[in-house]
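Trainee: What follows is my_file-v6.cif, mmCIF, C-alpha atoms.
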```cif
data_start
#
loop_
_atom_site.label_atom_id
_atom_site.label_comp_id
_atom_site.auth_asym_id
_atom_site.auth_seq_id
_atom_site.Cartn_x
_atom_site.Cartn_y
_atom_site.Cartn_z
CA MET A 517 197.50 115.41 -118.47
CA SER A 518 195.80 112.17 -119.35
CA ALA A 519 194.64 109.73 -116.70
CA THR A 520 196.91 106.91 -115.61
CA SER A 521 196.08 103.23 -115.94
CA ASN A 522 195.24 103.13 -112.26
CA GLU A 523 192.85 106.03 -112.66
CA TRP A 524 191.04 104.34 -115.57
CA MET A 525 190.82 101.20 -113.47
CA GLN A 526 189.36 103.22 -110.64
CA ALA A 527 186.70 104.48 -113.07
CA ALA A 528 185.83 100.88 -113.95
CA ILE A 529 185.66 99.93 -110.27
CA GLN A 530 183.52 102.98 -109.55
CA ALA A 531 181.07 101.83 -112.26
CA ALA A 532 180.90 98.49 -110.43
CA LEU A 533 180.33 100.19 -107.07
CA ASP A 534 177.62 102.44 -108.54
CA ASN A 535 175.94 99.36 -110.00
CA VAL A 536 175.62 97.78 -106.56
CA LYS A 537 173.93 100.96 -105.34
CA THR A 538 171.40 101.01 -108.20
CA LEU A 539 171.06 97.20 -108.24
CA ALA A 540 171.04 97.25 -112.05
CA GLY A 541 173.00 94.03 -112.02
CA GLY A 542 176.12 92.40 -110.62
CA PRO A 543 179.11 94.28 -109.15
CA PHE A 544 181.01 94.73 -112.40
CA GLY A 545 182.10 97.78 -114.39
CA ALA A 546 184.29 98.46 -117.42
CA VAL A 547 185.55 101.40 -119.44
CA VAL A 548 186.91 101.64 -122.98
CA VAL A 549 189.70 104.16 -123.49
CA ARG A 550 191.11 105.36 -126.82
CA GLN A 551 194.35 107.30 -126.98
CA GLY A 552 193.95 108.54 -123.43
CA VAL A 553 190.28 109.53 -123.81
CA LEU A 554 187.26 107.77 -122.33
CA VAL A 555 185.06 106.32 -125.09
CA ALA A 556 182.41 104.44 -123.11
CA THR A 557 181.53 103.01 -119.72
CA GLY A 558 179.68 99.74 -119.19
CA HIS A 559 178.13 98.18 -116.15
CA ASN A 560 176.48 94.84 -115.64
CA GLN A 561 172.77 95.08 -116.54
CA VAL A 562 171.80 91.40 -116.62
CA THR A 563 168.89 91.64 -114.22
CA ALA A 564 167.78 95.20 -115.06
CA LEU A 565 167.52 94.50 -118.80
CA HIS A 566 166.71 90.77 -118.57
CA ASP A 567 169.76 90.29 -120.76
CA PRO A 568 172.17 87.50 -119.80
CA THR A 569 174.73 88.94 -122.22
CA ALA A 570 174.72 92.42 -120.61
CA HIS A 571 177.99 91.97 -118.75
CA ALA A 572 180.04 95.11 -118.08
CA GLU A 573 182.65 94.37 -120.76
CA VAL A 574 180.03 93.52 -123.40
CA GLN A 575 178.06 96.67 -122.59
CA ALA A 576 181.21 98.80 -122.71
CA ILE A 577 182.29 97.23 -126.04
CA ARG A 578 178.82 97.75 -127.54
CA ALA A 579 178.66 101.39 -126.38
CA ALA A 580 182.20 102.14 -127.57
CA CYS A 581 181.63 100.57 -131.01
CA ARG A 582 178.35 102.44 -131.39
CA LYS A 583 180.11 105.69 -130.52
CA LEU A 584 183.08 105.06 -132.82
CA GLY A 585 180.88 103.72 -135.63
CA HIS A 586 182.96 100.60 -136.07
CA PHE A 587 182.79 96.98 -134.94
CA GLN A 588 186.45 96.88 -133.94
CA LEU A 589 188.34 98.55 -131.09
CA THR A 590 191.87 97.99 -132.33
CA ASP A 591 193.26 101.28 -131.00
CA CYS A 592 191.47 101.04 -127.65
CA GLU A 593 192.13 99.51 -124.24
CA ILE A 594 189.54 97.98 -121.98
CA TYR A 595 189.69 98.42 -118.21
CA THR A 596 187.41 96.02 -116.37
CA SER A 597 186.85 95.67 -112.63
CA CYS A 598 187.12 91.89 -112.87
CA GLU A 599 188.81 89.25 -115.01
CA PRO A 600 186.49 88.60 -117.99
CA CYS A 601 184.24 85.54 -118.19
CA PRO A 602 184.50 83.32 -121.30
CA MET A 603 181.64 85.15 -123.04
CA CYS A 604 183.32 88.51 -122.46
CA LEU A 605 186.67 87.08 -123.48
CA GLY A 606 185.08 85.97 -126.74
CA ALA A 607 183.59 89.44 -127.21
CA ILE A 608 187.01 90.96 -126.51
CA TYR A 609 188.64 88.78 -129.17
CA TRP A 610 186.00 89.80 -131.72
CA ALA A 611 186.46 93.49 -130.82
CA ARG A 612 190.27 93.18 -130.83
CA PRO A 613 191.35 95.91 -128.36
CA GLY A 614 195.07 96.50 -127.91
CA ALA A 615 195.06 95.46 -124.26
CA VAL A 616 192.81 94.50 -121.37
CA TYR A 617 193.43 95.56 -117.78
CA TYR A 618 191.53 93.93 -114.91
CA ALA A 619 191.54 94.37 -111.14
CA TYR A 620 189.77 91.55 -109.30
CA SER A 621 190.44 87.95 -110.29
CA HIS A 622 187.94 85.26 -111.16
CA GLU A 623 188.68 83.77 -107.72
CA ASP A 624 187.50 87.03 -106.12
CA ALA A 625 184.34 86.84 -108.25
CA ALA A 626 183.74 83.20 -107.30
CA ARG A 627 183.89 84.10 -103.61
CA ALA A 628 181.05 86.58 -104.24
CA GLY A 629 178.96 83.90 -105.96
CA PHE A 630 179.95 84.60 -109.59
CA ASP A 631 181.65 81.45 -110.71
CA ASP A 632 182.52 81.18 -114.37
CA HIS A 633 185.00 78.33 -113.87
CA PHE A 634 182.32 75.86 -114.96
CA ILE A 635 181.86 77.69 -118.26
CA TYR A 636 185.62 77.72 -118.93
CA GLU A 637 185.61 73.94 -118.36
CA GLN A 638 182.60 73.42 -120.60
CA ILE A 639 184.03 75.39 -123.52
CA ALA A 640 187.17 73.25 -123.44
CA LEU A 641 185.16 70.01 -123.67
CA PRO A 642 184.34 68.20 -126.92
CA ILE A 643 180.86 69.29 -127.99
CA GLN A 644 179.26 65.92 -127.16
CA ASP A 645 180.56 66.00 -123.57
CA ARG A 646 179.05 69.34 -122.58
CA SER A 647 176.36 69.64 -119.89
CA ILE A 648 173.95 71.43 -122.25
CA PRO A 649 173.15 68.95 -125.05
CA MET A 650 174.46 70.29 -128.36
CA ILE A 651 173.17 68.30 -131.29
CA GLN A 652 174.00 68.62 -134.97
CA LEU A 653 171.02 68.38 -137.33
CA PRO A 654 171.21 67.77 -141.06
CA THR A 655 171.17 70.75 -143.39
CA ALA A 656 168.80 71.07 -146.33
CA GLY A 657 168.31 73.55 -149.14
CA ALA A 658 170.53 76.54 -149.83
CA ASP A 659 173.81 76.88 -147.92
CA PRO A 660 174.18 80.33 -146.27
CA PHE A 661 177.98 80.12 -146.51
CA ALA A 662 177.84 79.47 -150.26
CA GLU A 663 175.43 82.40 -150.66
CA TRP A 664 177.79 84.57 -148.59
CA ARG A 665 180.83 83.72 -150.70
CA ALA A 666 178.83 84.65 -153.80
CA ALA A 667 177.35 87.86 -152.34
CA GLU A 668 178.54 91.12 -153.82
CA GLY A 669 178.99 93.99 -151.38
CA ARG A 670 179.47 91.76 -148.34
CA ILE A 671 181.43 93.36 -145.49
CA GLU A 672 184.02 90.98 -144.07
CA TYR A 673 184.63 91.16 -140.33
CA MET B 959 150.84 70.23 -134.89
CA SER B 960 154.06 71.76 -133.69
CA ALA B 961 157.07 72.13 -135.91
CA THR B 962 159.74 69.46 -135.94
CA SER B 963 163.38 70.05 -134.99
CA ASN B 964 164.30 70.04 -138.65
CA GLU B 965 161.68 72.70 -139.36
CA TRP B 966 163.00 74.94 -136.57
CA MET B 967 166.47 74.46 -137.95
CA GLN B 968 165.24 75.43 -141.37
CA ALA B 969 163.89 78.65 -139.83
CA ALA B 970 167.33 79.39 -138.37
CA ILE B 971 168.99 78.68 -141.73
CA GLN B 972 166.41 80.85 -143.49
CA ALA B 973 167.32 83.73 -141.13
CA ALA B 974 170.94 83.23 -142.18
CA LEU B 975 170.00 83.20 -145.88
CA ASP B 976 167.86 86.34 -145.47
CA ASN B 977 170.79 88.02 -143.75
CA VAL B 978 173.03 87.47 -146.75
CA LYS B 979 170.37 89.13 -148.92
CA THR B 980 170.10 92.22 -146.68
CA LEU B 981 173.85 92.23 -145.91
CA ALA B 982 173.08 93.08 -142.26
CA GLY B 983 175.98 90.90 -141.21
CA GLY B 984 177.42 87.41 -141.58
CA PRO B 985 175.52 84.36 -142.84
CA PHE B 986 174.20 83.23 -139.47
CA GLY B 987 170.72 82.86 -138.02
CA ALA B 988 169.20 81.42 -134.84
CA VAL B 989 165.79 80.87 -133.28
CA VAL B 990 164.71 80.33 -129.68
CA VAL B 991 161.80 77.94 -129.19
CA ARG B 992 159.83 77.38 -125.99
CA GLN B 993 157.48 74.41 -125.64
CA GLY B 994 157.01 74.16 -129.37
CA VAL B 995 156.45 77.88 -129.93
CA LEU B 996 158.82 80.36 -131.58
CA VAL B 997 159.98 82.97 -129.05
CA ALA B 998 162.51 84.96 -131.04
CA THR B 999 164.68 84.98 -134.15
CA GLY B 1000 168.18 86.39 -134.31
CA HIS B 1001 170.49 87.13 -137.17
CA ASN B 1002 174.04 88.35 -137.27
CA GLN B 1003 174.10 92.17 -137.19
CA VAL B 1004 177.79 92.84 -136.50
CA THR B 1005 178.38 95.18 -139.42
CA ALA B 1006 174.88 96.73 -139.58
CA LEU B 1007 174.88 97.71 -135.89
CA HIS B 1008 178.64 98.16 -135.48
CA ASP B 1009 178.33 95.61 -132.68
CA PRO B 1010 180.94 92.83 -132.55
CA THR B 1011 178.74 90.97 -130.05
CA ALA B 1012 175.66 90.94 -132.32
CA HIS B 1013 176.04 87.31 -133.40
CA ALA B 1014 172.86 85.44 -134.30
CA GLU B 1015 172.72 83.42 -131.08
CA VAL B 1016 173.38 86.47 -128.88
CA GLN B 1017 170.72 88.46 -130.72
CA ALA B 1018 168.22 85.58 -130.45
CA ILE B 1019 168.98 85.10 -126.72
CA ARG B 1020 168.61 88.82 -126.03
CA ALA B 1021 165.33 89.07 -127.95
CA ALA B 1022 163.92 85.95 -126.30
CA CYS B 1023 164.85 87.10 -122.80
CA ARG B 1024 163.36 90.53 -123.47
CA LYS B 1025 160.14 88.90 -124.65
CA LEU B 1026 159.94 86.46 -121.74
CA GLY B 1027 160.98 89.10 -119.18
CA HIS B 1028 163.68 86.91 -117.69
CA PHE B 1029 167.42 86.54 -118.03
CA GLN B 1030 167.27 82.76 -118.28
CA LEU B 1031 165.97 80.44 -120.98
CA THR B 1032 165.82 77.21 -118.99
CA ASP B 1033 162.71 75.85 -120.70
CA CYS B 1034 163.83 76.84 -124.20
CA GLU B 1035 165.88 75.35 -127.00
CA ILE B 1036 168.13 77.26 -129.35
CA TYR B 1037 168.41 76.34 -133.03
CA THR B 1038 171.37 77.96 -134.72
CA SER B 1039 172.49 77.68 -138.32
CA CYS B 1040 176.12 77.16 -137.22
CA GLU B 1041 178.05 75.76 -134.29
CA PRO B 1042 178.40 78.61 -131.75
CA CYS B 1043 181.63 80.58 -131.34
CA PRO B 1044 183.15 80.81 -127.82
CA MET B 1045 181.38 84.11 -127.10
CA CYS B 1046 178.02 82.65 -128.06
CA LEU B 1047 178.80 79.48 -126.13
CA GLY B 1048 179.43 81.63 -123.07
CA ALA B 1049 176.15 83.47 -123.67
CA ILE B 1050 174.39 80.12 -124.01
CA TYR B 1051 175.79 78.92 -120.67
CA TRP B 1052 174.66 82.12 -118.96
CA ALA B 1053 171.17 81.79 -120.54
CA ARG B 1054 170.99 78.06 -119.71
CA PRO B 1055 168.68 76.72 -122.44
CA GLY B 1056 167.73 73.03 -122.28
CA ALA B 1057 169.45 72.17 -125.56
CA VAL B 1058 171.22 73.66 -128.55
CA TYR B 1059 170.81 72.39 -132.11
CA TYR B 1060 173.17 73.46 -134.84
CA ALA B 1061 173.48 72.70 -138.56
CA TYR B 1062 176.79 73.79 -140.07
CA SER B 1063 180.03 73.05 -138.22
CA HIS B 1064 182.79 75.45 -137.29
CA GLU B 1065 184.82 73.86 -140.10
CA ASP B 1066 182.10 74.93 -142.56
CA ALA B 1067 182.27 78.46 -141.09
CA ALA B 1068 186.05 78.54 -141.34
CA ARG B 1069 185.89 77.68 -145.04
CA ALA B 1070 183.71 80.79 -145.51
CA GLY B 1071 186.24 82.97 -143.69
CA PHE B 1072 184.73 82.84 -140.18
CA ASP B 1073 187.37 81.16 -138.10
CA ASP B 1074 186.82 81.07 -134.34
CA HIS B 1075 189.39 78.33 -133.76
CA PHE B 1076 191.92 80.96 -132.70
CA ILE B 1077 189.53 82.27 -130.02
CA TYR B 1078 188.92 78.76 -128.67
CA GLU B 1079 192.70 78.33 -128.40
CA GLN B 1080 193.16 81.72 -126.72
CA ILE B 1081 190.49 81.09 -124.07
CA ALA B 1082 192.20 77.85 -123.09
CA LEU B 1083 195.56 79.58 -122.56
CA PRO B 1084 196.80 80.93 -119.22
CA ILE B 1085 195.97 84.63 -119.12
CA GLN B 1086 199.63 85.75 -119.47
CA ASP B 1087 200.06 83.70 -122.68
CA ARG B 1088 197.19 85.24 -124.64
CA SER B 1089 197.76 87.30 -127.80
CA ILE B 1090 195.86 90.30 -126.39
CA PRO B 1091 197.83 91.49 -123.34
CA MET B 1092 195.72 91.03 -120.19
CA ILE B 1093 197.25 92.75 -117.22
CA GLN B 1094 196.14 92.76 -113.60
CA LEU B 1095 196.27 96.16 -111.88
CA PRO B 1096 196.12 96.72 -108.14
CA THR B 1097 192.77 97.51 -106.55
CA ALA B 1098 192.20 100.47 -104.27
CA GLY B 1099 189.31 101.74 -102.20
CA ALA B 1100 185.99 99.99 -101.73
CA ASP B 1101 185.60 96.41 -103.02
CA PRO B 1102 182.52 95.98 -105.28
CA PHE B 1103 182.23 92.32 -104.25
CA ALA B 1104 182.15 93.20 -100.54
CA GLU B 1105 179.51 95.87 -101.27
CA TRP B 1106 177.51 93.31 -103.25
CA ARG B 1107 177.54 90.74 -100.47
CA ALA B 1108 176.30 93.42 -98.07
CA ALA B 1109 173.64 94.81 -100.46
CA GLU B 1110 170.02 94.22 -99.50
CA GLY B 1111 167.66 93.52 -102.38
CA ARG B 1112 170.34 92.20 -104.72
CA ILE B 1113 169.10 89.82 -107.42
CA GLU B 1114 171.39 86.80 -107.76
CA TYR B 1115 171.87 85.41 -111.25
#
```
How does the structure come out when it is put into structure tokens?
Mentor:
Amino acid sequence: MSATSNEWMQAAIQAALDNVKTLAGGPFGAVVVRQGVLVATGHNQVTALHDPTAHAEVQAIRAACRKLGHFQLTDCEIYTSCEPCPMCLGAIYWARPGAVYYAYSHEDAARAGFDDHFIYEQIALPIQDRSIPMIQLPTAGADPFAEWRAAEGRIEY
Amino acid sequence: MSATSNEWMQAAIQAALDNVKTLAGGPFGAVVVRQGVLVATGHNQVTALHDPTAHAEVQAIRAACRKLGHFQLTDCEIYTSCEPCPMCLGAIYWARPGAVYYAYSHEDAARAGFDDHFIYEQIALPIQDRSIPMIQLPTAGADPFAEWRAAEGRIEY
């Protein structure tokens, strides 16, 4: 008998709980499941790896894709202990899983000091209004996009 | 004499051009610079590594953080060949560089088949309106956030 959604979610939450014990990073865990079978588990490793992108969902997506040998997770579901931040949401859209299940909300995360509301606001702003200056510089020389369109053997993604 | 902004940008664009030659991934490159010195270069490795998160900016941020031994890039600038996608923008906000410089626009990217407009739209939608179903499940047992708040030795980030 395959695990239920609630059991997969409990596995994600357990990864988050374990992470607090090991202090590898923040209290977040995620699992990727394919056709009722666990593919990969991820936990937040931001501080342990010095990697600001090592959120639980990103780590789970990376591990699952590595295992499946593909950069897409179209026949998978992601269970994550907490509502994804904008970076993870972007990663999820690039990986294209069939569904995402989450337990704690971003309000729960904010109460524990993990507030991604600011980033959601920033992404919605016009580029010139963002708090981190984002400045367009002129291009020169060959255009990578033109080279790409002309490249034989390119793998679209 | 330290390199100018346009020279750093040319290094990012060169990484993108090199990437088309090696076909490691899409035509994108980025460099992280700290006080006039190159810290790390990143190039898109989505298809080569089977990693949907291996965009040029993410790879450059990860490499720079690994080199500097910290999960923040507050005294760094990022030069990227193309305007960041939402995932990379999220990664940039978590890494907190002082500034981001980009060359090609997301419209240029879209013309080459790399359209992140849909992801920007999706992130701005209420969670129940997104194209990938995102479903909240009930929590049970210990709360990772409560454990985190009680954990001695936790590293805030």
Trainee: Between atom CA of B:Tyr1051 and atom CA of A:Val562, what is the distance, to one decimal in Å?
Mentor: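 A separation of 13.7 Å between them.
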Trainee: Between A:Leu533, A:Cys601, A:Ile635, A:Leu589, which residue has the minimum interatomic distance to A:Thr569, considering all atoms listed in the file?
Mentor: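 So, comparing all the options, the nearest one is A:Cys601.
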Trainee: Calculated over all atoms listed in the file, which of the candidates B:Glu1041, B:Gln993, B:Ala998, B:Ala961 has the smallest distance to chain A?
Mentor: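 Ranking B:Glu1041, B:Gln993, B:Ala998, B:Ala961 by distance to chain A, first place goes to B:Glu1041.
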Trainee: Taking all atoms listed in the file into account, which residues of chain A are within 7 Å of chain B, as an MDAnalysis selection string?
Mentor: chainID A and resid 532:533 536 539 543 562:563 566:569 578 581:582 585:588 602:604 606:607 609:611 614:619 628 635 639:640 648:655 660:661 663:665 670
Trainee: Since we have the selection now, will you write its residues out, keeping C-alpha atoms, as a compact mmCIF listing (two decimals), keeping the file's coordinate frame?
Mentor:
```
# COMPACT_ATOMS: atom_id res chain seq x y z
CA ALA A 532 180.90 98.49 -110.43
CA LEU A 533 180.33 100.19 -107.07
CA VAL A 536 175.62 97.78 -106.56
CA LEU A 539 171.06 97.20 -108.24
CA PRO A 543 179.11 94.28 -109.15
CA VAL A 562 171.80 91.40 -116.62
CA THR A 563 168.89 91.64 -114.22
CA HIS A 566 166.71 90.77 -118.57
CA ASP A 567 169.76 90.29 -120.76
CA PRO A 568 172.17 87.50 -119.80
CA THR A 569 174.73 88.94 -122.22
CA ARG A 578 178.82 97.75 -127.54
CA CYS A 581 181.63 100.57 -131.01
CA ARG A 582 178.35 102.44 -131.39
CA GLY A 585 180.88 103.72 -135.63
CA HIS A 586 182.96 100.60 -136.07
CA PHE A 587 182.79 96.98 -134.94
CA GLN A 588 186.45 96.88 -133.94
CA PRO A 602 184.50 83.32 -121.30
CA MET A 603 181.64 85.15 -123.04
CA CYS A 604 183.32 88.51 -122.46
CA GLY A 606 185.08 85.97 -126.74
CA ALA A 607 183.59 89.44 -127.21
CA TYR A 609 188.64 88.78 -129.17
CA TRP A 610 186.00 89.80 -131.72
CA ALA A 611 186.46 93.49 -130.82
CA GLY A 614 195.07 96.50 -127.91
CA ALA A 615 195.06 95.46 -124.26
CA VAL A 616 192.81 94.50 -121.37
CA TYR A 617 193.43 95.56 -117.78
CA TYR A 618 191.53 93.93 -114.91
CA ALA A 619 191.54 94.37 -111.14
CA ALA A 628 181.05 86.58 -104.24
CA ILE A 635 181.86 77.69 -118.26
CA ILE A 639 184.03 75.39 -123.52
CA ALA A 640 187.17 73.25 -123.44
CA ILE A 648 173.95 71.43 -122.25
CA PRO A 649 173.15 68.95 -125.05
CA MET A 650 174.46 70.29 -128.36
CA ILE A 651 173.17 68.30 -131.29
CA GLN A 652 174.00 68.62 -134.97
CA LEU A 653 171.02 68.38 -137.33
CA PRO A 654 171.21 67.77 -141.06
CA THR A 655 171.17 70.75 -143.39
CA PRO A 660 174.18 80.33 -146.27
CA PHE A 661 177.98 80.12 -146.51
CA GLU A 663 175.43 82.40 -150.66
CA TRP A 664 177.79 84.57 -148.59
CA ARG A 665 180.83 83.72 -150.70
CA ARG A 670 179.47 91.76 -148.34
```
Trainee: In Å to one decimal, how far is atom CA of B:Asp1073 from atom CA of B:Ala988?
Mentor: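 Atom CA of B:Asp1073 lies at a distance of 18.5 Å from atom CA of B:Ala988.
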Trainee: At what distance in Å, to one decimal, does atom CA of B:His1075 lie from atom CA of B:Thr1032?
Mentor: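 Atom CA of B:His1075 lies 27.8 Å from atom CA of B:Thr1032.
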Trainee: Starting from the incomplete input, reconstruct all heavy atoms of stretch 1099-1109 of chain B and write that as a JSON list (two decimals), keeping the file's coordinate frame.
Mentor:
```json
[["chain", "number", "residue", "atom", "x", "y", "z"],
["B", 1099, "GLY", "N", 190.62, 101.27, -102.65],
["B", 1099, "GLY", "CA", 189.31, 101.74, -102.20],
["B", 1099, "GLY", "C", 188.33, 100.61, -101.97],
["B", 1099, "GLY", "O", 188.73, 99.46, -101.78],
["B", 1100, "ALA", "N", 187.05, 100.95, -102.05],
["B", 1100, "ALA", "CA", 185.99, 99.99, -101.73],
["B", 1100, "ALA", "C", 185.99, 98.82, -102.72],
["B", 1100, "ALA", "O", 186.31, 98.98, -103.90],
["B", 1100, "ALA", "CB", 184.64, 100.69, -101.76],
["B", 1101, "ASP", "N", 185.63, 97.64, -102.22],
["B", 1101, "ASP", "CA", 185.60, 96.41, -103.02],
["B", 1101, "ASP", "C", 184.16, 96.15, -103.47],
["B", 1101, "ASP", "O", 183.29, 95.92, -102.64],
["B", 1101, "ASP", "CB", 186.12, 95.26, -102.13],
["B", 1101, "ASP", "CG", 185.94, 93.89, -102.76],
["B", 1101, "ASP", "OD1", 185.35, 93.80, -103.86],
["B", 1101, "ASP", "OD2", 186.39, 92.92, -102.14],
["B", 1102, "PRO", "N", 183.90, 96.18, -104.80],
["B", 1102, "PRO", "CA", 182.52, 95.98, -105.28],
["B", 1102, "PRO", "C", 181.92, 94.66, -104.81],
["B", 1102, "PRO", "O", 180.71, 94.58, -104.59],
["B", 1102, "PRO", "CB", 182.67, 96.00, -106.80],
["B", 1102, "PRO", "CG", 183.95, 96.72, -107.06],
["B", 1102, "PRO", "CD", 184.84, 96.43, -105.90],
["B", 1103, "PHE", "N", 182.76, 93.63, -104.67],
["B", 1103, "PHE", "CA", 182.23, 92.32, -104.25],
["B", 1103, "PHE", "C", 181.77, 92.36, -102.79],
["B", 1103, "PHE", "O", 180.75, 91.76, -102.44],
["B", 1103, "PHE", "CB", 183.25, 91.22, -104.49],
["B", 1103, "PHE", "CG", 183.51, 90.95, -105.94],
["B", 1103, "PHE", "CD1", 184.79, 91.04, -106.47],
["B", 1103, "PHE", "CD2", 182.47, 90.61, -106.79],
["B", 1103, "PHE", "CE1", 185.02, 90.79, -107.82],
["B", 1103, "PHE", "CE2", 182.69, 90.36, -108.14],
["B", 1103, "PHE", "CZ", 183.97, 90.45, -108.65],
["B", 1104, "ALA", "N", 182.54, 93.06, -101.95],
["B", 1104, "ALA", "CA", 182.15, 93.20, -100.54],
["B", 1104, "ALA", "C", 180.84, 93.99, -100.45],
["B", 1104, "ALA", "O", 179.92, 93.63, -99.70],
["B", 1104, "ALA", "CB", 183.26, 93.90, -99.75],
["B", 1105, "GLU", "N", 180.74, 95.07, -101.26],
["B", 1105, "GLU", "CA", 179.51, 95.87, -101.27],
["B", 1105, "GLU", "C", 178.32, 95.02, -101.72],
["B", 1105, "GLU", "O", 177.22, 95.12, -101.18],
["B", 1105, "GLU", "CB", 179.67, 97.07, -102.22],
["B", 1105, "GLU", "CG", 180.78, 98.03, -101.86],
["B", 1105, "GLU", "CD", 180.52, 98.80, -100.57],
["B", 1105, "GLU", "OE1", 179.36, 99.20, -100.36],
["B", 1105, "GLU", "OE2", 181.47, 98.98, -99.77],
["B", 1106, "TRP", "N", 178.57, 94.19, -102.72],
["B", 1106, "TRP", "CA", 177.51, 93.31, -103.25],
["B", 1106, "TRP", "C", 177.00, 92.35, -102.18],
["B", 1106, "TRP", "O", 175.79, 92.20, -101.98],
["B", 1106, "TRP", "CB", 178.05, 92.55, -104.46],
["B", 1106, "TRP", "CG", 177.14, 91.47, -104.99],
["B", 1106, "TRP", "CD1", 177.23, 90.11, -104.75],
["B", 1106, "TRP", "CD2", 176.01, 91.63, -105.85],
["B", 1106, "TRP", "NE1", 176.24, 89.44, -105.42],
["B", 1106, "TRP", "CE2", 175.48, 90.35, -106.11],
["B", 1106, "TRP", "CE3", 175.41, 92.74, -106.45],
["B", 1106, "TRP", "CZ2", 174.35, 90.14, -106.92],
["B", 1106, "TRP", "CZ3", 174.28, 92.53, -107.26],
["B", 1106, "TRP", "CH2", 173.78, 91.25, -107.49],
["B", 1107, "ARG", "N", 177.96, 91.71, -101.49],
["B", 1107, "ARG", "CA", 177.54, 90.74, -100.47],
["B", 1107, "ARG", "C", 176.73, 91.40, -99.37],
["B", 1107, "ARG", "O", 175.88, 90.77, -98.74],
["B", 1107, "ARG", "CB", 178.78, 90.03, -99.88],
["B", 1107, "ARG", "CG", 179.33, 88.93, -100.79],
["B", 1107, "ARG", "CD", 180.42, 88.12, -100.08],
["B", 1107, "ARG", "NE", 181.56, 88.96, -99.73],
["B", 1107, "ARG", "CZ", 182.71, 89.02, -100.41],
["B", 1107, "ARG", "NH1", 182.87, 88.28, -101.48],
["B", 1107, "ARG", "NH2", 183.68, 89.80, -100.01],
["B", 1108, "ALA", "N", 177.00, 92.69, -99.14],
["B", 1108, "ALA", "CA", 176.30, 93.42, -98.07],
["B", 1108, "ALA", "C", 175.00, 94.08, -98.57],
["B", 1108, "ALA", "O", 174.23, 94.60, -97.76],
["B", 1108, "ALA", "CB", 177.22, 94.50, -97.50],
["B", 1109, "ALA", "N", 174.77, 94.04, -99.90],
["B", 1109, "ALA", "CA", 173.64, 94.81, -100.46],
["B", 1109, "ALA", "C", 172.32, 94.09, -100.23],
["B", 1109, "ALA", "O", 172.16, 92.92, -100.60],
["B", 1109, "ALA", "CB", 173.86, 95.03, -101.96]]
```
